[in-house]
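Here is the structure we will look at.
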Amino acid sequence: MSFQEFLKWVHPEDRERVALSVKESVSGLRDYAIDYMIVRADGGERFVHIEGEVLRDELGRPLRAFGILQDITERKGAENTLRQSENQLRLVIDTIPAMAWILLPDGTMDFINQRWLDYTGLSLEEAIKEPTRSMHPAEIPRVMEKWGRDMAAGEPYEDEMHLRRADGEYRWFLIRTVPLRDEQGNILKWYGTSTDIEDRKRAEEALRETQAVLARVTRATVVGELTASIAHEVNQPLGAVVTNAAAGLRWLDGKRPNLNEARQALQRIVRDGNRASEVVARIRALLKDGTPIKTQFNVGEVIAEIVALTEAEAQRRQVSVQTRMESNLPRVTADRVQVQQVLVNLMLNALDALEEVIDRPRILTIRAGTDSPNSVRVAVQDTGIGVDHEQSKRLFQAFFTTKPNGLGMGLAISRSIIEAHGGRLWMTPNDGPGVTFQFALPVQNGGAA
Ligand SMILES: Nc1ncnc2c1ncn2[C@@H]1O[C@H](COP(=O)(O)OP(=O)(O)OP(=O)(O)O)[C@@H](O)[C@H]1O
Ligand SMILES: [Mg+2]
């Protein structure tokens with residue numbers, strides 16, 4: 001068979017390639033090995049693989065060529081399907097709205113999808129050579145420490161961190177990784193995704209700011225509602241100061257001043273002056289915001305303070321306030337001012353609920369006791385109008401209010417305060433009229449009274 005005849009069987013598209021390859025092997029450039037298509041006499045196309053050698057004389061001139069020819073049509077078909085599904089998979093991985101990557105157990109990058117490269121603006125080589133390159137330098141030590149720990153434990157890893165975009169902006173990402181194991185449980189690879197959560201982070205931040213503003217507004221409202229009480233609390237010691245000062249002057253007057261009595265009057269002045277300034281300090285604390293400051297204290301003392309602060313207001317509304325406090329309450333570790341705020345909110349709600357009651361005594365009872373060895377419970381009970389079933393489901397929602405001038409933030413803020421302390425705040429209807437709001441605060445070791 002002549003070379004031309006041989007080429008006739010080769011598929012027209014492959015002819016040039018095959019001719020070149022034959023030429024190269026004849027000239028001794030390389031051995032003969034090529035895949036190509038042939039056209040059979042019946043017109044059917046087959047894929048063949050040919051592999052051979054050229055025999056030469058002692059001068060290197062080609063004598064003859066021989067080789068084997070295999071029909072590889074089936075194999076080619078399978079390879080094509082595989083390549084197609086691989087391409088499809090790659091397309092999916094490159095277009096999913098997340099950055100995906102594969103890491104080997106020794107920490108080297110095995111694969112990075114196109115989205116990662118697009119986001120970071122790095123080349124594949126750069127991204128593989130230095131996986132931490134897009135992280136924020138300040139976060140690298142913390143991230144690597146956690147990453148190392150989770151990898152060593154073979155546990156799925158989850159973290160939030162900043163990643164630098166091609167234009168230099170850092171955005172928040174959620175990183176998740178899961179291990180792929182063989183049958184023996186050895187980790188073969190880590191599969192990971194990085195999801196952009198910058199917008200969510202911003203929304204969370206805005207929400208936190210709004211809540212802080214609202215908390216400030218409610219506190220201001222609370223203090224506003226207590227003006228009468230506060231004035232009373234401050235005026236009482238001031239009145240006593242004036243009385244004692246007058247008495248002191250009288251004791252100093254005359255031919256034989258009574259120094260002893262005068263001294264006692266002055267001591268009472270000091271005491272009452274201090275009391276007045278304590279009240280002012282307490283109001284200022286109630287209005288203050290900022291990061292919570294945790295201290296150990298007795299909830300009973302806080303209750304006594306708030307009862308004193310609301311006393312005049314309760315009197316004005318003809319409500320009798322009673323306290324039932326267990327002796328030797330363990331001390332809680334909490335932000336004192338925030339616990340005060342919760343109590344004031346609950347008491348003001350109770351006073352409001354008692355406003356319309358005319359056919360029975362208006363009673364507000366505050367109880368404090370130990371719930372269990374490691375929890376203190378405070379209950380604010382009223383004989384007020386109560387809460388119907390529909391309302392009870394929404395009480396703690398922000399902006400839920402049934403009052404014409406209510407903001408509907410009192411309970412929402414109170415609950416978030418108590419929960420931030422690891423406690424609970426809930427409501428139960430009374431057997432008789434009214435409801436009881438109560439909260440439990442955990443007692444840390446060393447909370448003994
Ligand atoms: N002790 C209570 N008895 C009956 N209903 C109550 C009681 N406490 C709260 N509620 C109901 O729950 C609603 C929400 O209370 P919340 O303290 O969150 O807001 P508010 O008192 O309406 O307004 P503010 O933001 O000024 O506190 C009240 O409007 C009221 O309907
Ligand atoms: Mg309220």
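Scheme for the structure tokens: letters A, B, ... for chains in order shown; per-chain residue numbers from 1; ligand numbers from 1 in order shown.
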Can you tell me, as a CSV table (one decimal) with N, CA and C atoms, in the first residue's frame, what residues are no more than 8 Å from region 405-420 of chain A when counting only C-alpha atoms, ignoring any on the same chain fewer than 6 positions away?
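That gives us selection34.csv:
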chain,number,residue,atom,x,y,z
A,214,LEU,N,-32.4,53.1,70.2
A,214,LEU,CA,-33.7,52.9,70.8
A,214,LEU,C,-33.6,52.7,72.3
A,215,ALA,N,-32.5,51.9,72.7
A,215,ALA,CA,-32.4,51.7,74.1
A,215,ALA,C,-32.2,53.0,74.8
A,218,THR,N,-35.5,54.8,75.0
A,218,THR,CA,-36.4,54.2,76.1
A,218,THR,C,-35.9,54.6,77.5
A,338,GLN,N,-27.9,47.8,83.9
A,338,GLN,CA,-28.9,47.2,83.0
A,338,GLN,C,-29.9,46.4,83.7
A,339,VAL,N,-29.6,45.8,84.8
A,339,VAL,CA,-30.6,45.0,85.6
A,339,VAL,C,-31.6,46.0,86.2
A,341,GLN,N,-32.4,48.8,84.8
A,341,GLN,CA,-33.3,49.2,83.6
A,341,GLN,C,-34.4,48.2,83.4
A,342,VAL,N,-34.0,46.9,83.5
A,342,VAL,CA,-35.0,45.8,83.3
A,342,VAL,C,-36.1,46.0,84.4
A,345,ASN,N,-38.4,48.9,83.7
A,345,ASN,CA,-39.3,48.6,82.6
A,345,ASN,C,-40.5,47.7,83.1
A,346,LEU,N,-40.1,46.7,83.9
A,346,LEU,CA,-41.2,45.8,84.3
A,346,LEU,C,-42.1,46.5,85.3
A,395,LEU,N,-45.7,40.1,73.0
A,395,LEU,CA,-45.2,41.0,74.0
A,395,LEU,C,-43.8,41.5,73.8
A,396,PHE,N,-42.9,40.5,73.5
A,396,PHE,CA,-41.5,40.7,73.5
A,396,PHE,C,-41.0,41.2,72.1
A,397,GLN,N,-41.9,41.3,71.2
A,397,GLN,CA,-41.5,41.9,69.9
A,397,GLN,C,-41.2,43.4,70.0
A,398,ALA,N,-40.2,43.8,69.3
A,398,ALA,CA,-39.9,45.2,69.3
A,398,ALA,C,-41.1,46.0,68.7
A,399,PHE,N,-41.4,47.1,69.2
A,399,PHE,CA,-42.5,48.0,68.7
A,399,PHE,C,-43.9,47.4,68.9
A,439,PHE,N,-37.6,37.1,85.6
A,439,PHE,CA,-36.4,36.8,84.9
A,439,PHE,C,-35.4,36.0,85.9
A,440,ALA,N,-34.7,35.1,85.3
A,440,ALA,CA,-33.7,34.4,86.0
A,440,ALA,C,-32.3,34.8,85.6
A,441,LEU,N,-31.4,35.0,86.5
A,441,LEU,CA,-30.0,35.3,86.2
A,441,LEU,C,-29.1,34.3,86.7
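Inside region 199-354 of chain A, the residues DSSP reads as strand (DSSP E) when given the backbone are Lys294, Thr295, Gln296, Phe297, Ser320, Val321, Gln322, Thr323, Arg324, Met325, Val332, Thr333, Ala334 and Asp335 of chain A.
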File dump, residues just selected, all heavy atoms, as an mmCIF file, in the first residue's frame:
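Done, and the output landed in result.cif:
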data_model
loop_
_atom_site.group_PDB
_atom_site.id
_atom_site.type_symbol
_atom_site.label_atom_id
_atom_site.label_comp_id
_atom_site.auth_asym_id
_atom_site.auth_seq_id
_atom_site.Cartn_x
_atom_site.Cartn_y
_atom_site.Cartn_z
ATOM 1 N N LYS A 294 -19.657 44.450 84.186
ATOM 2 C CA LYS A 294 -20.179 43.427 85.084
ATOM 3 C C LYS A 294 -19.535 43.512 86.457
ATOM 4 O O LYS A 294 -18.309 43.627 86.563
ATOM 5 C CB LYS A 294 -19.961 42.040 84.482
ATOM 6 C CG LYS A 294 -20.797 41.851 83.235
ATOM 7 C CD LYS A 294 -21.020 40.402 82.916
ATOM 8 C CE LYS A 294 -21.941 40.284 81.713
ATOM 9 N NZ LYS A 294 -22.180 38.909 81.327
ATOM 10 N N THR A 295 -20.368 43.476 87.457
ATOM 11 C CA THR A 295 -19.873 43.436 88.832
ATOM 12 C C THR A 295 -20.701 42.397 89.575
ATOM 13 O O THR A 295 -21.702 41.920 89.048
ATOM 14 C CB THR A 295 -20.059 44.795 89.532
ATOM 15 O OG1 THR A 295 -21.430 45.172 89.403
ATOM 16 C CG2 THR A 295 -19.174 45.869 88.927
ATOM 17 N N GLN A 296 -20.269 42.067 90.799
ATOM 18 C CA GLN A 296 -21.065 41.154 91.620
ATOM 19 C C GLN A 296 -21.910 41.974 92.568
ATOM 20 O O GLN A 296 -21.397 42.879 93.227
ATOM 21 C CB GLN A 296 -20.124 40.255 92.427
ATOM 22 C CG GLN A 296 -19.651 39.057 91.647
ATOM 23 C CD GLN A 296 -19.228 37.928 92.565
ATOM 24 O OE1 GLN A 296 -19.227 38.076 93.785
ATOM 25 N NE2 GLN A 296 -18.873 36.802 91.988
ATOM 26 N N PHE A 297 -23.196 41.695 92.618
ATOM 27 C CA PHE A 297 -24.033 42.456 93.550
ATOM 28 C C PHE A 297 -25.255 41.650 93.944
ATOM 29 O O PHE A 297 -25.558 40.611 93.350
ATOM 30 C CB PHE A 297 -24.447 43.802 92.923
ATOM 31 C CG PHE A 297 -25.227 43.648 91.642
ATOM 32 C CD1 PHE A 297 -26.608 43.561 91.663
ATOM 33 C CD2 PHE A 297 -24.563 43.573 90.415
ATOM 34 C CE1 PHE A 297 -27.318 43.410 90.491
ATOM 35 C CE2 PHE A 297 -25.279 43.428 89.241
ATOM 36 C CZ PHE A 297 -26.669 43.341 89.273
ATOM 37 N N SER A 320 -50.117 49.806 95.693
ATOM 38 C CA SER A 320 -49.316 49.405 96.848
ATOM 39 C C SER A 320 -48.209 48.463 96.360
ATOM 40 O O SER A 320 -48.462 47.465 95.694
ATOM 41 C CB SER A 320 -50.240 48.741 97.881
ATOM 42 O OG SER A 320 -49.679 47.558 98.331
ATOM 43 N N VAL A 321 -46.974 48.876 96.655
ATOM 44 C CA VAL A 321 -45.814 48.078 96.211
ATOM 45 C C VAL A 321 -45.304 47.242 97.376
ATOM 46 O O VAL A 321 -45.043 47.765 98.457
ATOM 47 C CB VAL A 321 -44.686 48.995 95.691
ATOM 48 C CG1 VAL A 321 -43.474 48.169 95.276
ATOM 49 C CG2 VAL A 321 -45.183 49.844 94.538
ATOM 50 N N GLN A 322 -45.210 45.938 97.145
ATOM 51 C CA GLN A 322 -44.741 45.054 98.215
ATOM 52 C C GLN A 322 -43.506 44.290 97.725
ATOM 53 O O GLN A 322 -43.422 43.936 96.552
ATOM 54 C CB GLN A 322 -45.851 44.059 98.572
ATOM 55 C CG GLN A 322 -47.153 44.774 98.860
ATOM 56 C CD GLN A 322 -48.277 43.816 99.202
ATOM 57 O OE1 GLN A 322 -48.156 42.601 99.020
ATOM 58 N NE2 GLN A 322 -49.381 44.369 99.690
ATOM 59 N N THR A 323 -42.588 44.053 98.631
ATOM 60 C CA THR A 323 -41.424 43.251 98.247
ATOM 61 C C THR A 323 -41.334 42.017 99.139
ATOM 62 O O THR A 323 -41.602 42.087 100.341
ATOM 63 C CB THR A 323 -40.108 44.040 98.367
ATOM 64 O OG1 THR A 323 -40.052 44.641 99.651
ATOM 65 C CG2 THR A 323 -40.013 45.127 97.313
ATOM 66 N N ARG A 324 -41.003 40.905 98.533
ATOM 67 C CA ARG A 324 -40.788 39.650 99.278
ATOM 68 C C ARG A 324 -39.426 39.128 98.866
ATOM 69 O O ARG A 324 -39.277 38.585 97.771
ATOM 70 C CB ARG A 324 -41.839 38.607 98.884
ATOM 71 C CG ARG A 324 -43.259 39.040 99.056
ATOM 72 C CD ARG A 324 -43.810 38.548 100.410
ATOM 73 N NE ARG A 324 -45.204 38.961 100.555
ATOM 74 C CZ ARG A 324 -45.578 40.197 100.911
ATOM 75 N NH1 ARG A 324 -44.669 41.132 101.129
ATOM 76 N NH2 ARG A 324 -46.852 40.500 101.037
ATOM 77 N N MET A 325 -38.464 39.332 99.725
ATOM 78 C CA MET A 325 -37.114 38.935 99.344
ATOM 79 C C MET A 325 -36.569 37.836 100.236
ATOM 80 O O MET A 325 -36.602 37.956 101.442
ATOM 81 C CB MET A 325 -36.191 40.153 99.375
ATOM 82 C CG MET A 325 -35.758 40.465 98.004
ATOM 83 S SD MET A 325 -36.141 42.059 97.348
ATOM 84 C CE MET A 325 -35.780 43.257 98.513
ATOM 85 N N VAL A 332 -25.314 38.036 92.056
ATOM 86 C CA VAL A 332 -25.208 37.754 90.625
ATOM 87 C C VAL A 332 -24.052 38.562 90.043
ATOM 88 O O VAL A 332 -23.654 39.574 90.607
ATOM 89 C CB VAL A 332 -26.505 38.105 89.865
ATOM 90 C CG1 VAL A 332 -27.657 37.259 90.335
ATOM 91 C CG2 VAL A 332 -26.825 39.580 90.000
ATOM 92 N N THR A 333 -23.514 38.092 88.921
ATOM 93 C CA THR A 333 -22.496 38.856 88.207
ATOM 94 C C THR A 333 -23.169 39.425 86.974
ATOM 95 O O THR A 333 -23.545 38.686 86.079
ATOM 96 C CB THR A 333 -21.334 37.938 87.788
ATOM 97 O OG1 THR A 333 -20.870 37.255 88.956
ATOM 98 C CG2 THR A 333 -20.194 38.743 87.182
ATOM 99 N N ALA A 334 -23.360 40.732 86.976
ATOM 100 C CA ALA A 334 -24.109 41.332 85.866
ATOM 101 C C ALA A 334 -23.823 42.818 85.808
ATOM 102 O O ALA A 334 -23.143 43.363 86.670
ATOM 103 C CB ALA A 334 -25.603 41.082 86.064
ATOM 104 N N ASP A 335 -24.355 43.444 84.768
ATOM 105 C CA ASP A 335 -24.262 44.896 84.682
ATOM 106 C C ASP A 335 -25.406 45.467 85.521
ATOM 107 O O ASP A 335 -26.571 45.318 85.189
ATOM 108 C CB ASP A 335 -24.375 45.344 83.224
ATOM 109 C CG ASP A 335 -24.167 46.840 83.078
ATOM 110 O OD1 ASP A 335 -24.916 47.614 83.708
ATOM 111 O OD2 ASP A 335 -23.257 47.232 82.349
#
> Excluding same-chain residues fewer than 4 positions from Arg362 (chain A), what lies within 10 Å of it counting only C-alpha atoms, as a VMD selection string?
Replying inline: chain A and resid 314 317 to 321 350 to 351 353 to 358 382 to 384
> Near Arg377 (chain A), within 10 Å and counting only C-alpha atoms, which residues show up once chain neighbours fewer than 6 positions away are dropped, as a ChimeraX atom specification?
Replying inline: /A:299,329,367-371,423-425,438-442
> Can you tell me, as an MDAnalysis selection string, what residues are no more than 9 Å from Leu124 (chain A) when counting only C-alpha atoms, ignoring any on the same chain fewer than 6 positions away?
Replying inline: chainID A and resid 111:112 114 117
Using the selection just defined, write its residues with N, CA and C atoms as a JSON list (two decimals), in the first residue's frame.
[["chain", "number", "residue", "atom", "x", "y", "z"],
["A", 111, "PHE", "N", -6.80, 23.13, 44.44],
["A", 111, "PHE", "CA", -7.70, 23.67, 43.41],
["A", 111, "PHE", "C", -8.30, 24.97, 43.91],
["A", 112, "ILE", "N", -8.48, 25.92, 42.99],
["A", 112, "ILE", "CA", -9.15, 27.18, 43.33],
["A", 112, "ILE", "C", -10.05, 27.54, 42.17],
["A", 114, "GLN", "N", -12.57, 29.80, 39.60],
["A", 114, "GLN", "CA", -12.36, 31.05, 38.88],
["A", 114, "GLN", "C", -12.84, 32.27, 39.68],
["A", 117, "LEU", "N", -10.27, 33.64, 41.92],
["A", 117, "LEU", "CA", -9.25, 34.39, 41.18],
["A", 117, "LEU", "C", -9.81, 35.74, 40.72]]
For region 98-137 of chain A versus region 175-199 of chain A, which residues have an atom no more than 9 Å away, and what is each residue's nearest atom pair and distance in Å rounded to one decimal, using only C-alpha atoms, chain-then-number order, as a Markdown table?
| residue | atom | partner | partner_atom | distance |
| --- | --- | --- | --- | --- |
| A:Ala98 | CA | A:Thr195 | CA | 5.2 |
| A:Met99 | CA | A:Ser194 | CA | 5.0 |
| A:Ala100 | CA | A:Thr193 | CA | 4.4 |
| A:Trp101 | CA | A:Gly192 | CA | 5.2 |
| A:Ile102 | CA | A:Tyr191 | CA | 4.8 |
| A:Leu103 | CA | A:Trp190 | CA | 5.0 |
| A:Leu104 | CA | A:Lys189 | CA | 4.8 |
| A:Pro105 | CA | A:Lys189 | CA | 5.8 |
| A:Asp110 | CA | A:Lys189 | CA | 8.6 |
| A:Trp116 | CA | A:Ser194 | CA | 8.5 |
> With only C-alpha atoms and all ligand atoms as the atoms that count, which of A:Arg149, A:His232, A:Lys403, A:Arg17 lies nearest to ligand 2?
Replying inline: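 Closest candidate: A:Lys403.
Taking only C-alpha atoms and all ligand atoms into account, ligand 2 lies nearest to A:Thr221 out of the set A:Gln88, A:Thr227, A:Thr221, A:Gln381.
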> Which of these, A:Leu348, A:Ala281, A:Ala240, A:Val270, has the shortest distance to Glu311 (chain A) once you count only C-alpha atoms?
Replying inline: A:Leu348
